[in-house]
Structures are given as C-alpha cells and as structure tokens.
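Enquirer: I'd like to ask some things about the structure below.
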Amino acid sequence: MVAIVDDDDLMRSALQGLLKAVGLPARAFASAEEFLKSGQQRQARCLIADIRMPGMSGLQLQAQLNAEHCRIPIIFITAHGDEKMRMQALRAGAVEFMAKPFNDEALLDSVRAALES
C-alpha cells in the first residue's frame with residue numbers, strides 16, 4: 001500500500017486516482033498526525049508526503065518514523081521546497097524530492113522504484 005499524506009484535498013484525490021489507475025493500492029491521510037494515529041506505518045510500502053502542512057511537517061513526520069525505526073521509502077512533494085530542505089530530506093533517507101507541479105510519470109517511476117527497493 002502507498003500512503004499519501006497531504007493537507008490538500010485535491011492533491012490527495014489526484015494522487016490516489018493516479019496510483020489506482022496503474023493498479024497500486026493507496027490510502028490518503030489529511031495530516032501526518034492522522035497517518036501516525038492510523039497505525040498504517042507498518043503496512044505502507046511507500047509514503048508520498050507533502051513538506052508543508054499544518055501541525056507536523058513532512059520532515060517532522062520523517063524524523064518521527066526514523067526515530068521509530070520505521071523505514072518507509074518517502075517521496076516528498078512540495079510547492080515550497082528549496083535546496084537546503086531537499087538536501088535535509090534526502091540525507092534523512094528520502095528517496096525523492098519533487099516540486100509541485102510534478103510530472104505524473106516521474107512520480108510513478110519513483111513510486112515503483114521505492115516499492116522494488
């Protein structure tokens with residue numbers, strides 16, 4: 001299952017639809033807190049997360065998962081990223097960091113690569 005964590009309803013719906021269209025099961029969460037409370041961390045084989053969200057940010061979610069030794073491949077998507085943020089995410093283990101708007105095929109390629117790793 002691919003977990004999607006984004007506070008934007010339209011982005012969550014679009015990502016879920018894109019993944020389902022290629023046969024990948026996905027669950028969407030409106031916040032990092034909602035994802036953590038769901039108990040789905042161990043079922044998720046890949047995580048697509050926004051960086052900037054109300055409450056816990058994507059980078060804070062990544063830090064929390066790392067602290068719990070929960071090694072889910074994370075693909076960050078953001079409209080507000082910079083090189084420093086990108087390097088921080090990648091150094092902490094993210095597999096990809098994409099700026100919105102992103103190419104659907106490039107995202108799917110990253111998800112497939114994460115699922116195969």
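Residues are named by chain letter and number: chains run A, B, ... in the order of the structure tokens, numbers start at 1 in each chain, and ligands are numbered from 1 in the order shown.
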Would you give me, as a list of chain:residue names, the residues in stretch 39-92 of chain A that DSSP reads as helix (DSSP H, G or I)?
Expert: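 Everything in stretch 39-92 of chain A that counts as helix (DSSP H, G or I) is A:Gln40, A:Gln41, A:Arg42, A:Gly58, A:Leu59, A:Gln60, A:Leu61, A:Gln62, A:Ala63, A:Gln64, A:Leu65, A:Asn66, A:Ala67, A:Glu83, A:Lys84, A:Met85, A:Arg86, A:Met87, A:Gln88, A:Ala89, A:Leu90, A:Arg91.
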Enquirer: So that I can check the surroundings of stretch 62-68 of chain A, please list as a PDB file with N, CA and C atoms, in the first residue's frame every protein, DNA and RNA residue that reaches within 9 Å of it, counting only C-alpha atoms and ignoring chain neighbours fewer than 2 positions away.
Expert:
```
ATOM      1  N   LEU A  36      -0.040   8.790  11.461  1.00  0.00           N
ATOM      2  CA  LEU A  36       0.570   8.114  12.607  1.00  0.00           C
ATOM      3  C   LEU A  36      -0.492   7.446  13.489  1.00  0.00           C
ATOM      4  N   GLN A  41       1.678   2.696   9.463  1.00  0.00           N
ATOM      5  CA  GLN A  41       3.096   2.840   9.136  1.00  0.00           C
ATOM      6  C   GLN A  41       3.738   1.523   8.729  1.00  0.00           C
ATOM      7  N   SER A  57       5.067  18.752  10.111  1.00  0.00           N
ATOM      8  CA  SER A  57       5.506  18.863   8.710  1.00  0.00           C
ATOM      9  C   SER A  57       5.941  17.494   8.191  1.00  0.00           C
ATOM     10  N   GLY A  58       6.143  17.425   6.887  1.00  0.00           N
ATOM     11  CA  GLY A  58       6.639  16.188   6.296  1.00  0.00           C
ATOM     12  C   GLY A  58       8.004  15.795   6.835  1.00  0.00           C
ATOM     13  N   LEU A  59       8.869  16.794   7.060  1.00  0.00           N
ATOM     14  CA  LEU A  59      10.200  16.496   7.605  1.00  0.00           C
ATOM     15  C   LEU A  59      10.104  16.000   9.044  1.00  0.00           C
ATOM     16  N   GLN A  60       9.164  16.553   9.820  1.00  0.00           N
ATOM     17  CA  GLN A  60       8.965  16.077  11.192  1.00  0.00           C
ATOM     18  C   GLN A  60       8.408  14.648  11.188  1.00  0.00           C
ATOM     19  N   CYS A  70      11.077   2.936  11.594  1.00  0.00           N
ATOM     20  CA  CYS A  70      10.090   2.568  10.582  1.00  0.00           C
ATOM     21  C   CYS A  70      10.605   3.096   9.245  1.00  0.00           C
ATOM     22  N   ARG A  71      11.243   2.231   8.493  1.00  0.00           N
ATOM     23  CA  ARG A  71      11.948   2.633   7.266  1.00  0.00           C
ATOM     24  C   ARG A  71      11.053   2.513   6.030  1.00  0.00           C
ATOM     25  N   ILE A  72      10.189   3.477   5.856  1.00  0.00           N
ATOM     26  CA  ILE A  72       9.332   3.518   4.666  1.00  0.00           C
ATOM     27  C   ILE A  72      10.025   4.424   3.650  1.00  0.00           C
ATOM     28  N   ILE A  74      10.318   7.319   1.389  1.00  0.00           N
ATOM     29  CA  ILE A  74       9.499   8.533   1.345  1.00  0.00           C
ATOM     30  C   ILE A  74       9.818   9.341   0.101  1.00  0.00           C
ATOM     31  N   ALA A  89      16.029  16.447   3.551  1.00  0.00           N
ATOM     32  CA  ALA A  89      15.129  15.300   3.362  1.00  0.00           C
ATOM     33  C   ALA A  89      15.887  14.094   2.819  1.00  0.00           C
ATOM     34  N   ALA A  92      18.208  12.466   5.307  1.00  0.00           N
ATOM     35  CA  ALA A  92      17.467  11.705   6.327  1.00  0.00           C
ATOM     36  C   ALA A  92      16.818  10.455   5.736  1.00  0.00           C
ATOM     37  N   GLY A  93      17.059  10.198   4.444  1.00  0.00           N
ATOM     38  CA  GLY A  93      16.615   8.934   3.867  1.00  0.00           C
ATOM     39  C   GLY A  93      15.505   8.999   2.835  1.00  0.00           C
ATOM     40  N   ALA A  94      15.034  10.187   2.489  1.00  0.00           N
ATOM     41  CA  ALA A  94      14.006  10.274   1.447  1.00  0.00           C
ATOM     42  C   ALA A  94      14.566   9.726   0.139  1.00  0.00           C
TER      43      ALA A  94
END
```
Enquirer: Please build the interface table for stretch 26-73 of chain A against stretch 99-114 of chain A with a cut-off of 9 Å, listing for each qualifying residue the nearest atom pair and the distance in Å to one decimal; count only C-alpha atoms, order rows by chain and increasing number, and write it as CSV.
Expert:
```
residue,atom,partner,partner_atom,distance
A:Arg45,CA,A:Ala114,CA,7.9
A:Cys46,CA,A:Ala114,CA,6.4
A:Leu47,CA,A:Val111,CA,8.5
A:Ile48,CA,A:Val111,CA,8.3
A:Ile72,CA,A:Ala114,CA,8.8
A:Pro73,CA,A:Ala114,CA,5.8
```
Enquirer: Report as a list in words all protein, DNA and RNA residues lying within 7 Å of A:Ile77, evaluated on only C-alpha atoms, omitting residues in the same chain fewer than 5 positions from it.
Expert: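 Near neighbours after the sequence-gap exclusion: Ala49, Asp50, Ile51, Phe97, Met98, Ala99 and Lys100 of chain A.
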Enquirer: Within 9 Å of A:Ser13, counting only C-alpha atoms, which residues qualify if same-chain residues fewer than 5 places away don't, as JSON, numbers by chain?
Expert: {"A": [8, 18, 28]}
Enquirer: Which residues are close to A:Asp9, i.e. within 10 Å by only C-alpha atoms, leaving aside same-chain residues fewer than 5 positions away? Reply as a PyMOL selection string.
Expert: chain A and resi 14+28-30
